[in-house]
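Data block below; observations after.
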Number of protein chains: 4
Amino acid sequence: MNDKIKLGMIGGGPNAFIGAVHRIASRIDNEYEIVCGAFSSSLEKSLQTGNELGISESRVYPTYQDLINKEKELPQKDRVQVISIVTPNHLHFEPAKMAMENGFDVILDKPMTLTLAEAKDLKEVQKNTGRKLLLTHTYTGYPMVKEARQIVASGKLGTIRKVYVEYPQGWLSNALEDKQAVWRTDPSKSGIAGAMGDIGTHAFNLAEYISGLSVTKLCADINTIVPNRRLDDDGAVLLKFEKNVSGVLMATQVAAGEENKVKIRVYGEKGGLEWHQEDPNSLVLKWLDAPAQVYRAGTSYLSSFATHNTRTPSGHPEGYLEAFANLYRNFALCIKAELQGKTPEKEYLDYPSIEEGIRGMAFIETVIESGKSEQKWIDFKI
Amino acid sequence: MNDKIKLGMIGGGPNAFIGAVHRIASRIDNEYEIVCGAFSSSLEKSLQTGNELGISESRVYPTYQDLINKEKELPQKDRVQVISIVTPNHLHFEPAKMAMENGFDVILDKPMTLTLAEAKDLKEVQKNTGRKLLLTHTYTGYPMVKEARQIVASGKLGTIRKVYVEYPQGWLSNALEDKQAVWRTDPSKSGIAGAMGDIGTHAFNLAEYISGLSVTKLCADINTIVPNRRLDDDGAVLLKFEKNVSGVLMATQVAAGEENKVKIRVYGEKGGLEWHQEDPNSLVLKWLDAPAQVYRAGTSYLSSFATHNTRTPSGHPEGYLEAFANLYRNFALCIKAELQGKTPEKEYLDYPSIEEGIRGMAFIETVIESGKSEQKWIDFKI
Amino acid sequence: MNDKIKLGMIGGGPNAFIGAVHRIASRIDNEYEIVCGAFSSSLEKSLQTGNELGISESRVYPTYQDLINKEKELPQKDRVQVISIVTPNHLHFEPAKMAMENGFDVILDKPMTLTLAEAKDLKEVQKNTGRKLLLTHTYTGYPMVKEARQIVASGKLGTIRKVYVEYPQGWLSNALEDKQAVWRTDPSKSGIAGAMGDIGTHAFNLAEYISGLSVTKLCADINTIVPNRRLDDDGAVLLKFEKNVSGVLMATQVAAGEENKVKIRVYGEKGGLEWHQEDPNSLVLKWLDAPAQVYRAGTSYLSSFATHNTRTPSGHPEGYLEAFANLYRNFALCIKAELQGKTPEKEYLDYPSIEEGIRGMAFIETVIESGKSEQKWIDFKI
Amino acid sequence: MNDKIKLGMIGGGPNAFIGAVHRIASRIDNEYEIVCGAFSSSLEKSLQTGNELGISESRVYPTYQDLINKEKELPQKDRVQVISIVTPNHLHFEPAKMAMENGFDVILDKPMTLTLAEAKDLKEVQKNTGRKLLLTHTYTGYPMVKEARQIVASGKLGTIRKVYVEYPQGWLSNALEDKQAVWRTDPSKSGIAGAMGDIGTHAFNLAEYISGLSVTKLCADINTIVPNRRLDDDGAVLLKFEKNVSGVLMATQVAAGEENKVKIRVYGEKGGLEWHQEDPNSLVLKWLDAPAQVYRAGTSYLSSFATHNTRTPSGHPEGYLEAFANLYRNFALCIKAELQGKTPEKEYLDYPSIEEGIRGMAFIETVIESGKSEQKWIDFKI
């Protein structure tokens, strides 16, 4: 019998974009059942969301503390198992810590915490509690991103030489601080970075994930372009990776007319690869003296990592929600394997977690420091 | 409280592609709960699928007749409400008829029945029972397809002159009759058509849906290209629509290297539009003396029909499963509106149903007749 | 010393689109020198064009007859060698015949003549005179079209099964008969076909050239969509080729918003290829169970036919004018080889000539007959 | 009568890529006639090229000094007017200076000179002699690049905020120093920069041309990736323009698998534009809350600058050679206007010249200085 994993949610009340995405992601593969939530700081709104989700009123809690404390008291067969935290950044660390310390696994939106120090503390918590953590770096959930990583790792491209990653958006081209962007541009809720935290971390994570290389130092041009905005909305970063590889990261939220155009290119001695999030089911491989190839999701010639993360045959496009669902599904498969005393398959284990979160926070702190510095290169420190 | 619609499924046992798609589609928007099934002619396999889905053994039935008869006896609060039929074509009509006659709404994969006569009988059944039917012509569930229909209807393109629709696939380039294609090329299960029934009907439906025009006659070249195949695997059709509009429909399953490349172009006096299923979130509008425009899903400037059928902001690609989910969701919203004594919104009502099914069956019969005829034009008769 | 071939031109006066294209094509590779012309039926206009081209007034003639007669009297070292005829269709046959009969090689725009009978007569003239003829089917001059032909011929795609060719334009969406389209829609100047002659013949030629297969019968839907137009402006054709291959040809001049979107796809047992004129330097090869490949002009891995017809390294796009120049250049190389008593290279000989012209005229006559017929298939007769 | 401008060429002997391109460019629009040359340091090779071009032996010179001195003695009606210099960088300044000082106009390949000091000297020469100079920054010759500049200047995009320009190539991924790359990686012939001089200057010029903004400081990461190469083959540059605009420039010759992928994006408050050299006839305009538009070369809605630089209707792709020819043609039109005592049209005057050359040399010197510096920003100094 398929025993679904019992999922609780902190945040994600009415009109919250990412909360709804998490919930769809949790449903697609039928691995989870949402059983409880503290969806909003307003109990009324929280109950409204709970009602829409068909959750019994008794399990809609006024605070995350309540949720954790009360659920802990429930019999194991009813009790929530995984808590998904989809609040603004300043409300990541405390609930994640408390959840893990009370025996729950955690799903956390990125950036993982408000500061690098919190991130490192959370690692300690994880170490001490042995709980699992999924950090929802969505873009690494795409099958062709997984394929890209495997191709680089296989050596087919030769020694890697260059990484270009970019993430242009345009939705913050005007001052929207009173609307959906409100917390994203408020330092007390978002942390020291705006665009660099919101999307720069995604680009950074994608670059390290596919290249298999760690950034060692960087040089950033960080800008706040819209007047009166309190955090950066634009930046470009020269990157140095280990093994003498260099790269460029561009992330902006004021590229008027751009939607969500994550793109990455990685070049080695023999060839390169290119992936665009807005056409996610294709991965272009380019070769020095041979025709470029277009690898496509759902085909027979892909690695087990891509295949495992696809549901439909090629030509039936899967997208952002399925990529998100892949993260949820792999996390569930690991939890179930553990419950069954099995070792999870390597494909299941391929999800972003606490190490990626720490590196993401270090990226934010280093990039903002560099943006203010007159010194060219700033070491990437954790 | 969100009372999910209770869904049963006939067909969709282990390894069935389209059954899994239906189930994901039913889950994405949280409108359904699968409560029972007769997933396979093998009870063992049926139980396996039921188990995977977390359905209690008591509601996994050996036959569809059992399912309908037994569910009918359950108290209304437990009883299945909608029965999804995902069996091969020859097992569409009887279960659909029996389900409607016993008070259940029906979701049916296309083509609707084995013959046009059955399709017309089913219409009578619907008329007599007052039940609802959703026919899963997936491609009309895409938001940019809905936008395309609205644009044509708005008159922006001027009087329509030309419709090109095509659906090339390559997966039947070799004889696969012993594998997943087995029933699709068996006349006793698939009906008189192969490719024309399997994908030609999708192309036909898409052309009529977007253009808002009905085909009145056609001239077809129907081929069986792979040796020993018993049904057509390729065809091209000259179309005449009402209002003196002409068109071309191409559908093939032997275009080696093509995946699932549904594409439609419609031209009017002032401009044209173009949509590709493999890049479904873009809709290109072309104009006589002005730059082409790329309409994108999830943006602010689209019609309510497109917006209603999108979950995420632009740049977060939705795909085939979401298009399928749109059909399920709209059907659910209509059922719920009725249960609440409300008139469904026009956006909810925009799903394919019995009339589209009848036209699809008429297409199959006319196109196959034309393929065998020495006469140029064959009237499209219902 | 590079002795350029001395070129004369009939037609191509002020504001003539195709005349200017021919002249650019003749210059690009420095193989020709324009020495004389009868550019217009108005001597004044003809002198104007001659003046612009730097041709001495004594060699601007009032009629093509004059041109041929007077040039014939000149000493061989000065005398024109090749006469390029860029007049409307009704003025192709007579000047071409007279030119060949007086010892000149001929370049002729397509369609070759006004009727199939004329085309066959011209073949006789050629046979009797031994002169050369270049028919400017531009699209076969593109290097990646040549590559496509070589790939099909190599057998890499397996036995060919299906050919789709299309040529949508939009520029005749409105009645433009008083402007540049005037002769194209006048049966006395254009012949019995409008769009089918103007662009349908290009599509037909491209399909036979790349596939290496001859059409044996066809079934056409031919339309005149713009009111009061005297010739067809739209058509779609079901094709049967030898070896039991089928295809579709679509050509229209009322696809509002389309420019000049020639596209061809050819599928065999193992894979297919796709080429678009508006992105002419790419040729996509698709494979049953392997990634698609993008062949690019100017690369190291192409056939000698593609390489011979490219001037610049890959990534330096060549276009329509260079494709046209390839026709001129190959014709020149053949003429020079003959003058030097050499056998031309096979790459030089790969230009369209009288056989293609005859087949093009047969296409026009068959397709127009089919458009009027109630019989489904009309044999392709020469 | 069309009196063609008499053109001489220094460099461009057998197998020289760019010399052949210059010659084709000079022929396309029939504005020039090549009358003399010093094509190679080997007189034998020079004579071979002269012979191929049909130039009389008496006007093939052993040295550029000879060419200038001897041509100067010829009667004006025969004498060369414009000298095109297509030698490696170290042989730009001296011949250009001598040519101008002897009364000839000059066409010069980029980068303009070996050093910034030479570039500034050349400006003095120009001032003193009053001669014209065309610097062949090819990419600004494309019609859609000109359209892009006009759109930015029109203010349609609002105040400009961000400029991304990139130029990835892969052809130097391996050590090719003994082949065509030989002088490009030899500091004595190429100057202090490799990739930055060869292609970085193109990207820089394109960014300033379209944005209408001048770079004021920059921060560069300059790399030599292929072992034993003597000059840079890769770099990325953070840019600051006047008016507080920022940007990124990426140029590399080791992106294995890339051909010649120049691309530029410029964003303003209201929208952005994007242009790719490998698809040069499209210019994409993106808008904050409206569909993107695809502007196409050869259409009716473009500015006079784009229209003037196009020869064929939309859908007939022009490419690199035509862009190059636009430079030659505009230069010729200016020379002719002057000879006729007219003021050249503003569209004719839109060609790169000595100021662009000076800025290009300043870019090279600043970017290389920055690459070696530990200081973040280096002022752009002339």
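The chains in the structure tokens are called A, B, ... from first to last as shown; in each chain the residues are counted from 1, and the ligands are counted from 1 in the order shown.
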
Would you list the contacts of segment 188-198 of chain A as a ChimeraX atom specification, taking every protein, DNA or RNA residue within 7 Å and counting only C-alpha atoms, but skipping same-chain residues closer than 3 positions in sequence? /A:88-90,111,114-115,183-185,201,231-234,251-253,364,368

Export N, CA and C atoms of the chosen residues as a PDB file, in the first residue's frame?
ATOM      1  N   PRO A  88       9.222  33.957   3.964  1.00  0.00           N
ATOM      2  CA  PRO A  88      10.367  34.797   3.586  1.00  0.00           C
ATOM      3  C   PRO A  88      11.643  34.373   4.325  1.00  0.00           C
ATOM      4  N   ASN A  89      12.760  34.816   3.787  1.00  0.00           N
ATOM      5  CA  ASN A  89      14.063  34.307   4.235  1.00  0.00           C
ATOM      6  C   ASN A  89      14.301  34.425   5.734  1.00  0.00           C
ATOM      7  N   HIS A  90      13.820  35.507   6.364  1.00  0.00           N
ATOM      8  CA  HIS A  90      14.111  35.697   7.788  1.00  0.00           C
ATOM      9  C   HIS A  90      13.366  34.683   8.649  1.00  0.00           C
ATOM     10  N   PRO A 111      16.987  31.435  -0.517  1.00  0.00           N
ATOM     11  CA  PRO A 111      18.236  31.031   0.130  1.00  0.00           C
ATOM     12  C   PRO A 111      17.934  30.411   1.485  1.00  0.00           C
ATOM     13  N   LEU A 114      19.032  33.513   6.629  1.00  0.00           N
ATOM     14  CA  LEU A 114      19.212  34.950   6.449  1.00  0.00           C
ATOM     15  C   LEU A 114      20.705  35.294   6.360  1.00  0.00           C
ATOM     16  N   THR A 115      21.504  34.481   7.011  1.00  0.00           N
ATOM     17  CA  THR A 115      22.947  34.747   7.043  1.00  0.00           C
ATOM     18  C   THR A 115      23.717  33.431   6.878  1.00  0.00           C
ATOM     19  N   TRP A 183       8.632  41.815   0.475  1.00  0.00           N
ATOM     20  CA  TRP A 183       9.656  41.292   1.383  1.00  0.00           C
ATOM     21  C   TRP A 183      10.989  41.080   0.683  1.00  0.00           C
ATOM     22  N   ARG A 184      10.934  40.894  -0.615  1.00  0.00           N
ATOM     23  CA  ARG A 184      12.186  40.608  -1.337  1.00  0.00           C
ATOM     24  C   ARG A 184      13.135  41.808  -1.348  1.00  0.00           C
ATOM     25  N   THR A 185      12.611  42.985  -1.130  1.00  0.00           N
ATOM     26  CA  THR A 185      13.472  44.170  -1.159  1.00  0.00           C
ATOM     27  C   THR A 185      13.566  44.833   0.209  1.00  0.00           C
ATOM     28  N   THR A 201      21.590  33.308  -6.356  1.00  0.00           N
ATOM     29  CA  THR A 201      21.910  32.017  -5.728  1.00  0.00           C
ATOM     30  C   THR A 201      21.497  30.845  -6.610  1.00  0.00           C
ATOM     31  N   LEU A 231      17.641  47.228  -1.767  1.00  0.00           N
ATOM     32  CA  LEU A 231      18.607  46.149  -2.000  1.00  0.00           C
ATOM     33  C   LEU A 231      18.968  46.110  -3.483  1.00  0.00           C
ATOM     34  N   ASP A 232      20.006  45.383  -3.765  1.00  0.00           N
ATOM     35  CA  ASP A 232      20.440  45.244  -5.156  1.00  0.00           C
ATOM     36  C   ASP A 232      19.336  44.622  -6.012  1.00  0.00           C
ATOM     37  N   ASP A 233      19.253  45.098  -7.249  1.00  0.00           N
ATOM     38  CA  ASP A 233      18.334  44.481  -8.208  1.00  0.00           C
ATOM     39  C   ASP A 233      19.076  44.046  -9.474  1.00  0.00           C
ATOM     40  N   ASP A 234      20.390  44.086  -9.414  1.00  0.00           N
ATOM     41  CA  ASP A 234      21.178  43.775 -10.612  1.00  0.00           C
ATOM     42  C   ASP A 234      22.620  43.486 -10.217  1.00  0.00           C
ATOM     43  N   ALA A 251      22.989  38.257 -13.129  1.00  0.00           N
ATOM     44  CA  ALA A 251      21.630  38.113 -12.604  1.00  0.00           C
ATOM     45  C   ALA A 251      21.051  39.506 -12.447  1.00  0.00           C
ATOM     46  N   THR A 252      19.883  39.681 -12.990  1.00  0.00           N
ATOM     47  CA  THR A 252      19.273  40.994 -12.894  1.00  0.00           C
ATOM     48  C   THR A 252      17.767  40.833 -12.826  1.00  0.00           C
ATOM     49  N   GLN A 253      17.122  41.779 -12.164  1.00  0.00           N
ATOM     50  CA  GLN A 253      15.660  41.770 -12.126  1.00  0.00           C
ATOM     51  C   GLN A 253      15.093  43.007 -12.809  1.00  0.00           C
ATOM     52  N   ILE A 364      26.141  34.781  -1.311  1.00  0.00           N
ATOM     53  CA  ILE A 364      25.497  36.073  -1.030  1.00  0.00           C
ATOM     54  C   ILE A 364      26.451  36.985  -0.267  1.00  0.00           C
ATOM     55  N   ILE A 368      28.163  40.340  -2.083  1.00  0.00           N
ATOM     56  CA  ILE A 368      27.808  41.672  -1.596  1.00  0.00           C
ATOM     57  C   ILE A 368      29.070  42.386  -1.085  1.00  0.00           C
TER      58      ILE A 368
END

As a list of chain:residue names, list the residues of segment 160-239 of chain B assigned to alpha helix (DSSP H) by DSSP on the backbone atoms of this structure.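 Here is the list: B:Pro187, B:Ser188, B:Lys189, B:Ser190, B:Ala195, B:Thr201, B:His202, B:Ala203, B:Phe204, B:Asn205, B:Leu206, B:Ala207, B:Glu208, B:Tyr209, B:Ile210, B:Ser211.
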
With N, CA, C and O atoms retained, could you export that selection as a PDB file, in the first residue's frame?
ATOM      1  N   PRO B 187      -6.942  -3.448 -35.733  1.00  0.00           N
ATOM      2  CA  PRO B 187      -8.239  -2.869 -36.083  1.00  0.00           C
ATOM      3  C   PRO B 187      -9.354  -3.234 -35.100  1.00  0.00           C
ATOM      4  O   PRO B 187     -10.276  -2.437 -34.905  1.00  0.00           O
ATOM      5  N   SER B 188      -9.260  -4.390 -34.479  1.00  0.00           N
ATOM      6  CA  SER B 188     -10.357  -4.771 -33.589  1.00  0.00           C
ATOM      7  C   SER B 188     -10.353  -3.934 -32.309  1.00  0.00           C
ATOM      8  O   SER B 188     -11.355  -3.830 -31.622  1.00  0.00           O
ATOM      9  N   LYS B 189      -9.230  -3.356 -31.995  1.00  0.00           N
ATOM     10  CA  LYS B 189      -9.134  -2.550 -30.782  1.00  0.00           C
ATOM     11  C   LYS B 189      -9.076  -1.061 -31.072  1.00  0.00           C
ATOM     12  O   LYS B 189      -9.486  -0.236 -30.256  1.00  0.00           O
ATOM     13  N   SER B 190      -8.519  -0.725 -32.216  1.00  0.00           N
ATOM     14  CA  SER B 190      -8.274   0.680 -32.511  1.00  0.00           C
ATOM     15  C   SER B 190      -9.359   1.260 -33.402  1.00  0.00           C
ATOM     16  O   SER B 190      -9.572   2.468 -33.424  1.00  0.00           O
ATOM     17  N   ALA B 195      -2.923   5.857 -37.422  1.00  0.00           N
ATOM     18  CA  ALA B 195      -2.425   7.214 -37.163  1.00  0.00           C
ATOM     19  C   ALA B 195      -3.544   8.254 -37.221  1.00  0.00           C
ATOM     20  O   ALA B 195      -3.570   9.206 -36.440  1.00  0.00           O
ATOM     21  N   THR B 201      -6.923  12.732 -35.305  1.00  0.00           N
ATOM     22  CA  THR B 201      -8.072  13.344 -34.618  1.00  0.00           C
ATOM     23  C   THR B 201      -7.654  14.517 -33.743  1.00  0.00           C
ATOM     24  O   THR B 201      -8.399  15.492 -33.616  1.00  0.00           O
ATOM     25  N   HIS B 202      -6.500  14.416 -33.124  1.00  0.00           N
ATOM     26  CA  HIS B 202      -6.005  15.563 -32.322  1.00  0.00           C
ATOM     27  C   HIS B 202      -5.787  16.782 -33.229  1.00  0.00           C
ATOM     28  O   HIS B 202      -6.172  17.896 -32.890  1.00  0.00           O
ATOM     29  N   ALA B 203      -5.144  16.535 -34.360  1.00  0.00           N
ATOM     30  CA  ALA B 203      -4.855  17.648 -35.271  1.00  0.00           C
ATOM     31  C   ALA B 203      -6.155  18.260 -35.788  1.00  0.00           C
ATOM     32  O   ALA B 203      -6.311  19.487 -35.864  1.00  0.00           O
ATOM     33  N   PHE B 204      -7.073  17.381 -36.147  1.00  0.00           N
ATOM     34  CA  PHE B 204      -8.381  17.834 -36.641  1.00  0.00           C
ATOM     35  C   PHE B 204      -9.101  18.672 -35.577  1.00  0.00           C
ATOM     36  O   PHE B 204      -9.618  19.761 -35.847  1.00  0.00           O
ATOM     37  N   ASN B 205      -9.121  18.162 -34.361  1.00  0.00           N
ATOM     38  CA  ASN B 205      -9.787  18.877 -33.273  1.00  0.00           C
ATOM     39  C   ASN B 205      -9.148  20.239 -33.023  1.00  0.00           C
ATOM     40  O   ASN B 205      -9.829  21.247 -32.829  1.00  0.00           O
ATOM     41  N   LEU B 206      -7.833  20.255 -33.050  1.00  0.00           N
ATOM     42  CA  LEU B 206      -7.108  21.506 -32.815  1.00  0.00           C
ATOM     43  C   LEU B 206      -7.443  22.539 -33.899  1.00  0.00           C
ATOM     44  O   LEU B 206      -7.654  23.725 -33.611  1.00  0.00           O
ATOM     45  N   ALA B 207      -7.504  22.079 -35.133  1.00  0.00           N
ATOM     46  CA  ALA B 207      -7.790  22.988 -36.251  1.00  0.00           C
ATOM     47  C   ALA B 207      -9.200  23.579 -36.115  1.00  0.00           C
ATOM     48  O   ALA B 207      -9.401  24.785 -36.306  1.00  0.00           O
ATOM     49  N   GLU B 208     -10.160  22.749 -35.804  1.00  0.00           N
ATOM     50  CA  GLU B 208     -11.525  23.270 -35.664  1.00  0.00           C
ATOM     51  C   GLU B 208     -11.648  24.153 -34.423  1.00  0.00           C
ATOM     52  O   GLU B 208     -12.367  25.159 -34.434  1.00  0.00           O
ATOM     53  N   TYR B 209     -10.964  23.776 -33.371  1.00  0.00           N
ATOM     54  CA  TYR B 209     -11.058  24.537 -32.114  1.00  0.00           C
ATOM     55  C   TYR B 209     -10.504  25.942 -32.282  1.00  0.00           C
ATOM     56  O   TYR B 209     -11.133  26.932 -31.897  1.00  0.00           O
ATOM     57  N   ILE B 210      -9.321  26.048 -32.853  1.00  0.00           N
ATOM     58  CA  ILE B 210      -8.704  27.374 -32.966  1.00  0.00           C
ATOM     59  C   ILE B 210      -9.379  28.210 -34.047  1.00  0.00           C
ATOM     60  O   ILE B 210      -9.667  29.387 -33.845  1.00  0.00           O
ATOM     61  N   SER B 211      -9.642  27.588 -35.181  1.00  0.00           N
ATOM     62  CA  SER B 211     -10.219  28.374 -36.281  1.00  0.00           C
ATOM     63  C   SER B 211     -11.678  28.722 -36.036  1.00  0.00           C
ATOM     64  O   SER B 211     -12.210  29.662 -36.629  1.00  0.00           O
TER      65      SER B 211
END

Residues of chain C within 9 Å of chain B, counting only C-alpha atoms, as a PyMOL selection string: chain C and resi 157+161-162+170-171+173-174+219-221+223+225+236-239+246-248+250+254-258+266-273+285-292+373-377

Can you list, as an mmCIF file with N, CA and C atoms, in the first residue's frame, every protein, DNA or RNA residue that comes within 9 Å of segment 54-69 of chain B when you count only C-alpha atoms, leaving out same-chain residues fewer than 4 positions away?
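And here's result_38.cif as it stands now:
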data_model
loop_
_atom_site.group_PDB
_atom_site.id
_atom_site.type_symbol
_atom_site.label_atom_id
_atom_site.label_comp_id
_atom_site.auth_asym_id
_atom_site.auth_seq_id
_atom_site.Cartn_x
_atom_site.Cartn_y
_atom_site.Cartn_z
ATOM 1 N N MET A 1 0.846 -1.208 0.000
ATOM 2 C CA MET A 1 0.000 0.000 0.000
ATOM 3 C C MET A 1 0.876 1.252 0.000
ATOM 4 N N ASN A 2 0.553 2.169 -0.849
ATOM 5 C CA ASN A 2 1.287 3.424 -0.889
ATOM 6 C C ASN A 2 0.935 4.261 0.322
ATOM 7 N N ASP A 3 1.847 4.301 1.292
ATOM 8 C CA ASP A 3 1.634 5.206 2.413
ATOM 9 C C ASP A 3 2.265 6.535 2.041
ATOM 10 N N LYS A 4 1.443 7.506 1.829
ATOM 11 C CA LYS A 4 1.989 8.803 1.448
ATOM 12 C C LYS A 4 2.691 9.442 2.635
ATOM 13 N N GLY B 8 -13.018 7.524 -10.231
ATOM 14 C CA GLY B 8 -12.688 6.121 -10.478
ATOM 15 C C GLY B 8 -12.038 5.991 -11.829
ATOM 16 N N MET B 9 -11.327 4.909 -12.027
ATOM 17 C CA MET B 9 -10.615 4.770 -13.297
ATOM 18 C C MET B 9 -10.808 3.370 -13.871
ATOM 19 N N ILE B 10 -11.133 3.315 -15.156
ATOM 20 C CA ILE B 10 -11.222 2.049 -15.880
ATOM 21 C C ILE B 10 -10.067 2.006 -16.872
ATOM 22 N N GLY B 11 -9.216 1.023 -16.707
ATOM 23 C CA GLY B 11 -7.969 0.982 -17.468
ATOM 24 C C GLY B 11 -6.877 1.682 -16.681
ATOM 25 N N ILE B 34 -8.684 9.829 -6.210
ATOM 26 C CA ILE B 34 -8.986 8.541 -6.839
ATOM 27 C C ILE B 34 -9.436 7.565 -5.759
ATOM 28 N N VAL B 35 -10.630 7.076 -5.897
ATOM 29 C CA VAL B 35 -11.191 6.220 -4.834
ATOM 30 C C VAL B 35 -11.409 4.779 -5.268
ATOM 31 N N CYS B 36 -11.432 4.545 -6.563
ATOM 32 C CA CYS B 36 -11.678 3.168 -6.991
ATOM 33 C C CYS B 36 -11.168 2.963 -8.406
ATOM 34 N N GLY B 37 -11.083 1.706 -8.817
ATOM 35 C CA GLY B 37 -10.622 1.455 -10.174
ATOM 36 C C GLY B 37 -10.834 0.018 -10.605
ATOM 37 N N ALA B 38 -10.907 -0.147 -11.919
ATOM 38 C CA ALA B 38 -10.794 -1.462 -12.544
ATOM 39 C C ALA B 38 -9.697 -1.270 -13.574
ATOM 40 N N PHE B 39 -8.464 -1.365 -13.091
ATOM 41 C CA PHE B 39 -7.333 -0.861 -13.852
ATOM 42 C C PHE B 39 -6.868 -1.790 -14.963
ATOM 43 N N SER B 40 -7.259 -3.070 -14.834
ATOM 44 C CA SER B 40 -6.711 -4.042 -15.784
ATOM 45 C C SER B 40 -7.667 -5.230 -15.891
ATOM 46 N N SER B 41 -7.575 -5.928 -16.993
ATOM 47 C CA SER B 41 -8.376 -7.150 -17.115
ATOM 48 C C SER B 41 -7.810 -8.247 -16.216
ATOM 49 N N SER B 42 -6.584 -8.071 -15.776
ATOM 50 C CA SER B 42 -6.014 -8.982 -14.786
ATOM 51 C C SER B 42 -6.246 -8.384 -13.405
ATOM 52 N N LEU B 43 -6.967 -9.092 -12.557
ATOM 53 C CA LEU B 43 -7.248 -8.535 -11.228
ATOM 54 C C LEU B 43 -5.949 -8.338 -10.453
ATOM 55 N N GLU B 44 -5.016 -9.194 -10.691
ATOM 56 C CA GLU B 44 -3.747 -9.080 -9.979
ATOM 57 C C GLU B 44 -3.065 -7.747 -10.322
ATOM 58 N N SER B 46 -4.490 -5.193 -11.533
ATOM 59 C CA SER B 46 -5.364 -4.122 -11.079
ATOM 60 C C SER B 46 -5.095 -3.825 -9.605
ATOM 61 N N LEU B 47 -4.960 -4.877 -8.830
ATOM 62 C CA LEU B 47 -4.680 -4.701 -7.397
ATOM 63 C C LEU B 47 -3.313 -4.041 -7.198
ATOM 64 N N THR B 49 -1.837 -1.874 -9.166
ATOM 65 C CA THR B 49 -1.997 -0.441 -9.408
ATOM 66 C C THR B 49 -2.768 0.214 -8.270
ATOM 67 N N GLY B 50 -3.829 -0.436 -7.836
ATOM 68 C CA GLY B 50 -4.616 0.114 -6.725
ATOM 69 C C GLY B 50 -3.759 0.310 -5.492
ATOM 70 N N GLU B 73 -23.932 1.180 -5.247
ATOM 71 C CA GLU B 73 -24.558 0.758 -3.989
ATOM 72 C C GLU B 73 -24.021 1.522 -2.786
ATOM 73 N N VAL B 80 -18.096 6.921 -5.892
ATOM 74 C CA VAL B 80 -17.383 7.589 -6.976
ATOM 75 C C VAL B 80 -18.338 8.536 -7.704
ATOM 76 N N ILE B 83 -16.063 8.843 -13.587
ATOM 77 C CA ILE B 83 -15.303 7.663 -14.000
ATOM 78 C C ILE B 83 -14.468 8.008 -15.234
ATOM 79 N N PRO B 95 -18.380 1.007 -21.455
ATOM 80 C CA PRO B 95 -18.251 1.533 -20.083
ATOM 81 C C PRO B 95 -18.789 2.959 -19.953
ATOM 82 N N MET B 98 -22.595 2.746 -19.815
ATOM 83 C CA MET B 98 -23.057 2.170 -18.556
ATOM 84 C C MET B 98 -22.838 3.153 -17.400
ATOM 85 N N ALA B 99 -21.691 3.834 -17.436
ATOM 86 C CA ALA B 99 -21.409 4.792 -16.356
ATOM 87 C C ALA B 99 -22.451 5.909 -16.363
ATOM 88 N N ASN B 102 -25.793 4.954 -15.162
ATOM 89 C CA ASN B 102 -25.868 4.696 -13.727
ATOM 90 C C ASN B 102 -25.541 5.937 -12.899
ATOM 91 N N PHE B 104 -23.133 8.401 -13.359
ATOM 92 C CA PHE B 104 -21.780 8.932 -13.194
ATOM 93 C C PHE B 104 -21.374 9.818 -14.381
#

Which neighbours of segment 345-352 of chain C fall inside 8 Å, counting only C-alpha atoms, when residues of the same chain fewer than 4 positions from it are skipped, and could you give them as a ChimeraX atom specification? /C:134-137,140-141,304-305,308,327,330-331,333-334,356-357

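Between atom CA of Ile264 of chain A and atom CA of Leu283 of chain A the separation is 10.2 Å.
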